[in-house]
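*Asks:* Got a structure for you, written out below as structure tokens; questions coming shortly.
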Amino acid sequence: MNRPNSLKSRISFSPFSAAAVLAVATVLFNSHVFGAPAKQSLPTPSPEAQAEHVILFVLEGVSEAAVKAGPMPLLGRFIREGASTWSASGITPSQRLPTMASLITGLPVEKHGVTWDSFDFARGYPRPPTVFDYLDLSGGKDSAIFFMDESMYQLAKPEPYTDYQICGALRPECSTTTILKYIRDYFRKATSGHGYGHAILSLPHLLVLHLPQPASAGVAGGWNSPAYKEALRNVDQAMGSVLAVYKELGLLGKTVVIVTGLSGGSVPGKSVNGSGPSHVPWVAWGAGIKTGHAIKQPVSIIDTGATIMRTMNLETHTEWDSHPVEEIFRMPRSVPSGVAEHVR
């Protein structure tokens with residue numbers, strides 16, 4: 001079991017040069033990158049570039065109306081310059097732990113078996129493989145996962161290609177600032193030559209960041225409250241702070257950002273951590289992604305894992321229920337002869 005506020009050691013190999021390592025350390029020691037909203041502009045994604053990295057932001061309580069109200073300019077840019085839908089299917093029941101389990105396993109609740117919504121040590125880890133397992137098996141790709149709820153310990157299955165860090169309600173200081181500090185400290189220590197006893201010479205191939213504060217603020221104070229709007233701003237700024245690191249390291253041009261949700265906002269017919277139906281945002285932006293594209297095909301958050309693999313040009317030789325959202329890509333995928341691709 002992973003210990004709270006610690007990441008397990010592992011060895012990660014990368015072809016990046018010593019100069020790249022120095023660049024990582026320089027960026028991460030700069031407190032402005034993580035200590036304040038990112039002010040610098042982001043470059044326009046390259047339509048032809050092959051993505052080598054994916055950042056997955058998993059939000060809660062973010063609705064289309066909230067973005068139109070203006071407190072999330074970065075998410076608004078992702079929508080304008082990327083491919084998006086506001087009617088991606090969530091999971092029933094739309095509770096945090098079962099939904100996140102569906103997102104990472106690519107399976108509905110009845111198949112992955114996580115039906116409860118709080119950490120239960122006796123139940124152990126889910127048995128089905130996760131997208132992190134498939135990334136390693138298909139391409140030797142590593143993942144770093146940062147969750148903001150202690151229930152997510154249920155999903156933190158220790159593997160040599162994953163690093164987890166988790167905080168939540170049991171730690172009152174847990175906030176977007178806290179989780180960004182975890183990310184900063186992780187890369188600073190990992191590239192320092194000391195840290196966790198291993199060196200990561202590049203950012204992870206997949207970085208997952210869970211940001212649930214808008215849902216918590218909306219439920220506690222109302223969906224038009226100042227606290228809810230402030231939570232939306234904080235989440236948007238947190239996403240910008242992470243992207244600023246990728247920009248400083250020269251990796252943003254080969255990165256795809258995917259934003260989805262475990263729950264929607266206060267929209268009729270949608271629920272937040274409840275038992276009813278839920279529709280959530282699903283947005284892709286970055287290298288090789290269509291610009292200003294409204295996704296027409298049916299999308300489920302279950303499809304996120306296969307889409308991440310498709311983004312990195314990896315095959316999905318599995319029988320999972322996750323399918324790549326193929327229409328978001330500028331270039332069609334060339335599937336080798338004799339290989340069956342799960343495309344919806």
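Chain identifiers are assigned as A, B, and so on, following the order in which chains appear in the structure tokens; residues are numbered from 1 within each chain, and ligands are numbered from 1 in order of appearance.
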Which neighbours of Gly286 (chain A) fall inside 7 Å, counting only C-alpha atoms, when residues of the same chain fewer than 6 positions from it are skipped, and could you give them as a ChimeraX atom specification?
*Replies:* /A:45,255-257
*Asks:* Counting only C-alpha atoms, what is within 10 Å of region 117-130 of chain A, bar same-chain residues fewer than 5 positions away, as number ranges by chain?
*Replies:* A: 1, 93-99, 101-107, 111-112, 135, 149-158, 273, 305, 318, 320
*Asks:* Listing only residues of region 203-237 of chain A within 12 Å of region 163-174 of chain A, what is the closest atom pair and its distance in Å (to one decimal) for each, using only C-alpha atoms, sorted by chain and residue number ascending, as a Markdown table?
*Replies:*
| residue | atom | partner | partner_atom | distance |
| --- | --- | --- | --- | --- |
| A:Pro204 | CA | A:Asp163 | CA | 9.5 |
| A:His205 | CA | A:Asp163 | CA | 11.9 |
| A:Leu206 | CA | A:Asp163 | CA | 10.6 |
| A:Leu207 | CA | A:Asp163 | CA | 9.7 |
| A:Val208 | CA | A:Tyr164 | CA | 9.5 |
| A:Leu209 | CA | A:Gln165 | CA | 9.9 |
| A:His210 | CA | A:Ile166 | CA | 9.5 |
| A:Leu211 | CA | A:Gly168 | CA | 10.7 |
| A:Pro212 | CA | A:Gly168 | CA | 9.9 |
| A:Gln213 | CA | A:Cys174 | CA | 10.2 |
| A:Ser216 | CA | A:Ala169 | CA | 10.7 |
*Asks:* Save out the residues we just selected, N, CA and C atoms, as a CSV table (one decimal), in the first residue's frame.
*Replies:*
chain,number,residue,atom,x,y,z
A,204,PRO,N,6.6,12.5,-17.0
A,204,PRO,CA,6.0,11.2,-17.3
A,204,PRO,C,5.3,11.3,-18.6
A,205,HIS,N,5.1,10.1,-19.2
A,205,HIS,CA,4.4,10.0,-20.5
A,205,HIS,C,2.9,10.4,-20.3
A,206,LEU,N,2.4,10.0,-19.1
A,206,LEU,CA,1.0,10.3,-18.7
A,206,LEU,C,1.0,10.9,-17.3
A,207,LEU,N,0.5,12.2,-17.2
A,207,LEU,CA,0.4,12.8,-15.9
A,207,LEU,C,-1.1,13.0,-15.7
A,208,VAL,N,-1.6,12.4,-14.6
A,208,VAL,CA,-3.0,12.5,-14.2
A,208,VAL,C,-3.2,13.4,-13.0
A,209,LEU,N,-4.0,14.4,-13.1
A,209,LEU,CA,-4.3,15.3,-12.0
A,209,LEU,C,-5.8,15.4,-11.8
A,210,HIS,N,-6.2,15.1,-10.6
A,210,HIS,CA,-7.6,15.1,-10.2
A,210,HIS,C,-7.9,16.3,-9.4
A,211,LEU,N,-8.9,17.1,-9.8
A,211,LEU,CA,-9.2,18.4,-9.3
A,211,LEU,C,-10.7,18.5,-9.0
A,212,PRO,N,-11.1,18.1,-7.8
A,212,PRO,CA,-12.5,18.0,-7.4
A,212,PRO,C,-13.2,19.3,-6.8
A,213,GLN,N,-12.4,20.3,-6.5
A,213,GLN,CA,-12.9,21.4,-5.7
A,213,GLN,C,-14.2,22.1,-6.2
A,216,SER,N,-17.2,20.3,-4.8
A,216,SER,CA,-17.3,20.4,-3.3
A,216,SER,C,-17.8,21.8,-3.0
*Asks:* Please report, as a PyMOL selection string, each residue of region 68-254 of chain A to which DSSP assigns strand (DSSP E or B) when run on this structure's backbone.
*Replies:* chain A and resi 83-89+143-147+162-166+206-211
